[in-house]
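Asker: Following this message is one structure expressed as C-alpha cells.
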Amino acid sequence: MAAALSRADVLEKVREHLSIELEIPLDKITESTRMREDLDADSLDLYELVMELEDTYGISVSEEEAARIETVGNAVDFVAGRLGVAA
C-alpha cells in the first residue's frame, strides 16, 4: 500500500483531518500552515493528529518526534519519511 502513496496523498489526508478536526476550511490549510500559530491547535489537537497518522499509516510517533511537528509540511514529511514515500 505504501508504494502506491505519494507525498501529495499524505498531504491531502493531513489537510482533510485538520480541516474536520479543527473546523477550518480546507483552503486555509497549506504545507506552511503552522499548527499552533495559524490553526490555534492545542496539545490535544496535535495528539489527535498524531493518533490519526499512526492509525492511518501504521507508523509510530514518539513524543519527541511529535513535538517537532510544527507545520502541516512537517507532519507530511514525517509520514512520508516513515513510509519511504517519494517526494
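We label chains A, B, ... in the order they appear in the C-alpha cells, count residues from 1 in each chain, and number ligands from 1 in the order shown.
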Give one line per residue of stretch 27-63 of chain A that approaches stretch 3-21 of chain A to at most 10 Å, naming the two atoms of the closest pair and their distance in Å to one decimal, counting only C-alpha atoms; sort by chain then ascending residue number and deliver it as CSV.

Answerer:
residue,atom,partner,partner_atom,distance
A:Asp27,CA,A:Ser19,CA,8.9
A:Lys28,CA,A:Ser19,CA,8.6
A:Ile29,CA,A:Arg15,CA,6.2
A:Thr30,CA,A:Arg15,CA,7.4
A:Glu31,CA,A:Leu11,CA,7.6
A:Thr33,CA,A:Arg15,CA,9.9
A:Met35,CA,A:Leu18,CA,9.2
A:Leu39,CA,A:Leu18,CA,8.6
A:Ala41,CA,A:Leu18,CA,9.2
A:Asp45,CA,A:Glu21,CA,7.7
A:Leu46,CA,A:Leu18,CA,9.4
A:Glu48,CA,A:Glu21,CA,8.6
A:Leu49,CA,A:His17,CA,7.4
A:Val50,CA,A:Val14,CA,10.0
A:Glu52,CA,A:His17,CA,8.0
A:Leu53,CA,A:Val14,CA,7.9
A:Thr56,CA,A:Lys13,CA,9.1
A:Tyr57,CA,A:Val10,CA,9.3

Asker: When DSSP is applied to the backbone of this structure, which of chain A are assigned alpha helix (DSSP H)? Write them out as a VMD selection string.

Answerer: chain A and resid 7 to 22 35 to 39 43 to 57 63 to 67 72 to 83

Asker: With N, CA and C atoms kept, could you save the residues just selected as a compact mmCIF listing (two decimals), in the first residue's frame?

Answerer:
# COMPACT_ATOMS: atom_id res chain seq x y z
N ARG A 7 3.53 11.72 -1.79
CA ARG A 7 3.58 12.77 -0.76
C ARG A 7 2.31 13.61 -0.83
N ALA A 8 1.82 13.85 -2.05
CA ALA A 8 0.58 14.63 -2.23
C ALA A 8 -0.61 13.94 -1.56
N ASP A 9 -0.64 12.59 -1.62
CA ASP A 9 -1.71 11.84 -0.96
C ASP A 9 -1.66 12.07 0.55
N VAL A 10 -0.46 12.01 1.09
CA VAL A 10 -0.29 12.19 2.53
C VAL A 10 -0.70 13.62 2.92
N LEU A 11 -0.27 14.59 2.13
CA LEU A 11 -0.63 15.99 2.39
C LEU A 11 -2.14 16.16 2.41
N GLU A 12 -2.81 15.56 1.44
CA GLU A 12 -4.27 15.69 1.36
C GLU A 12 -4.94 15.10 2.59
N LYS A 13 -4.47 13.92 3.04
CA LYS A 13 -5.03 13.27 4.23
C LYS A 13 -4.85 14.14 5.48
N VAL A 14 -3.65 14.69 5.65
CA VAL A 14 -3.37 15.53 6.81
C VAL A 14 -4.25 16.78 6.78
N ARG A 15 -4.34 17.40 5.61
CA ARG A 15 -5.18 18.61 5.48
C ARG A 15 -6.64 18.30 5.78
N GLU A 16 -7.14 17.18 5.24
CA GLU A 16 -8.54 16.81 5.49
C GLU A 16 -8.79 16.58 6.98
N HIS A 17 -7.87 15.87 7.62
CA HIS A 17 -8.04 15.59 9.04
C HIS A 17 -8.09 16.89 9.84
N LEU A 18 -7.15 17.79 9.59
CA LEU A 18 -7.11 19.04 10.34
C LEU A 18 -8.34 19.89 10.06
N SER A 19 -8.80 19.90 8.83
CA SER A 19 -9.98 20.67 8.46
C SER A 19 -11.20 20.21 9.24
N ILE A 20 -11.38 18.89 9.30
CA ILE A 20 -12.53 18.33 10.03
C ILE A 20 -12.37 18.51 11.53
N GLU A 21 -11.20 18.15 12.04
CA GLU A 21 -10.97 18.18 13.49
C GLU A 21 -11.05 19.59 14.07
N LEU A 22 -10.49 20.55 13.34
CA LEU A 22 -10.40 21.92 13.86
C LEU A 22 -11.47 22.84 13.27
N MET A 35 0.79 24.70 12.98
CA MET A 35 -0.25 24.06 13.78
C MET A 35 -0.79 24.97 14.88
N ARG A 36 0.10 25.44 15.74
CA ARG A 36 -0.33 26.23 16.89
C ARG A 36 -0.68 27.66 16.52
N GLU A 37 0.21 28.32 15.79
CA GLU A 37 0.03 29.74 15.50
C GLU A 37 -1.11 30.01 14.52
N ASP A 38 -1.17 29.24 13.42
CA ASP A 38 -2.15 29.51 12.38
C ASP A 38 -3.48 28.78 12.58
N LEU A 39 -3.41 27.58 13.13
CA LEU A 39 -4.63 26.78 13.30
C LEU A 39 -5.16 26.82 14.73
N SER A 43 -2.47 21.14 22.46
CA SER A 43 -1.75 19.87 22.57
C SER A 43 -2.68 18.67 22.34
N LEU A 44 -3.93 18.77 22.73
CA LEU A 44 -4.88 17.67 22.49
C LEU A 44 -5.13 17.51 20.99
N ASP A 45 -5.29 18.63 20.28
CA ASP A 45 -5.49 18.57 18.82
C ASP A 45 -4.29 17.90 18.15
N LEU A 46 -3.10 18.26 18.59
CA LEU A 46 -1.90 17.69 18.00
C LEU A 46 -1.77 16.21 18.33
N TYR A 47 -2.15 15.84 19.54
CA TYR A 47 -2.14 14.43 19.94
C TYR A 47 -3.10 13.64 19.04
N GLU A 48 -4.27 14.20 18.80
CA GLU A 48 -5.26 13.52 17.95
C GLU A 48 -4.75 13.37 16.52
N LEU A 49 -4.03 14.39 16.02
CA LEU A 49 -3.45 14.28 14.69
C LEU A 49 -2.44 13.14 14.65
N VAL A 50 -1.58 13.09 15.66
CA VAL A 50 -0.57 12.03 15.71
C VAL A 50 -1.24 10.65 15.76
N MET A 51 -2.29 10.51 16.57
CA MET A 51 -3.02 9.24 16.64
C MET A 51 -3.60 8.87 15.28
N GLU A 52 -4.15 9.86 14.60
CA GLU A 52 -4.73 9.64 13.27
C GLU A 52 -3.66 9.18 12.28
N LEU A 53 -2.50 9.81 12.33
CA LEU A 53 -1.40 9.41 11.44
C LEU A 53 -0.95 7.99 11.75
N GLU A 54 -0.84 7.67 13.03
CA GLU A 54 -0.42 6.32 13.42
C GLU A 54 -1.42 5.29 12.93
N ASP A 55 -2.71 5.56 13.13
CA ASP A 55 -3.75 4.62 12.72
C ASP A 55 -3.84 4.49 11.21
N THR A 56 -3.80 5.62 10.52
CA THR A 56 -3.96 5.61 9.07
C THR A 56 -2.80 4.94 8.36
N TYR A 57 -1.59 5.24 8.83
CA TYR A 57 -0.40 4.78 8.09
C TYR A 57 0.36 3.65 8.77
N GLU A 63 6.87 10.92 21.47
CA GLU A 63 6.54 12.26 21.96
C GLU A 63 7.54 13.29 21.46
N GLU A 64 8.81 12.91 21.42
CA GLU A 64 9.85 13.83 20.95
C GLU A 64 9.64 14.18 19.47
N GLU A 65 9.31 13.15 18.68
CA GLU A 65 9.06 13.39 17.26
C GLU A 65 7.83 14.26 17.07
N ALA A 66 6.79 13.98 17.82
CA ALA A 66 5.56 14.75 17.72
C ALA A 66 5.80 16.22 18.07
N ALA A 67 6.65 16.45 19.05
CA ALA A 67 6.93 17.82 19.49
C ALA A 67 7.62 18.63 18.40
N VAL A 72 2.14 21.85 8.91
CA VAL A 72 1.50 20.77 8.16
C VAL A 72 2.56 20.03 7.34
N GLY A 73 3.47 20.78 6.74
CA GLY A 73 4.54 20.17 5.95
C GLY A 73 5.43 19.25 6.78
N ASN A 74 5.70 19.64 8.05
CA ASN A 74 6.49 18.78 8.94
C ASN A 74 5.79 17.44 9.13
N ALA A 75 4.48 17.47 9.33
CA ALA A 75 3.71 16.24 9.53
C ALA A 75 3.78 15.36 8.28
N VAL A 76 3.63 15.98 7.12
CA VAL A 76 3.67 15.24 5.86
C VAL A 76 5.06 14.64 5.65
N ASP A 77 6.10 15.45 5.88
CA ASP A 77 7.47 14.95 5.71
C ASP A 77 7.76 13.78 6.64
N PHE A 78 7.27 13.86 7.87
CA PHE A 78 7.49 12.80 8.84
C PHE A 78 6.86 11.49 8.34
N VAL A 79 5.59 11.57 7.95
CA VAL A 79 4.89 10.37 7.48
C VAL A 79 5.55 9.84 6.21
N ALA A 80 5.85 10.72 5.28
CA ALA A 80 6.47 10.30 4.02
C ALA A 80 7.81 9.63 4.28
N GLY A 81 8.59 10.18 5.23
CA GLY A 81 9.87 9.58 5.58
C GLY A 81 9.72 8.20 6.17
N ARG A 82 8.75 8.03 7.05
CA ARG A 82 8.50 6.73 7.67
C ARG A 82 8.06 5.69 6.67
N LEU A 83 7.29 6.13 5.67
CA LEU A 83 6.75 5.19 4.69
C LEU A 83 7.66 5.03 3.48

Asker: Pick the closest to A:Asp42 from A:Glu70, A:Leu26, A:Gly84, A:Ile59: which is it, counting only C-alpha atoms?

Answerer: A:Glu70
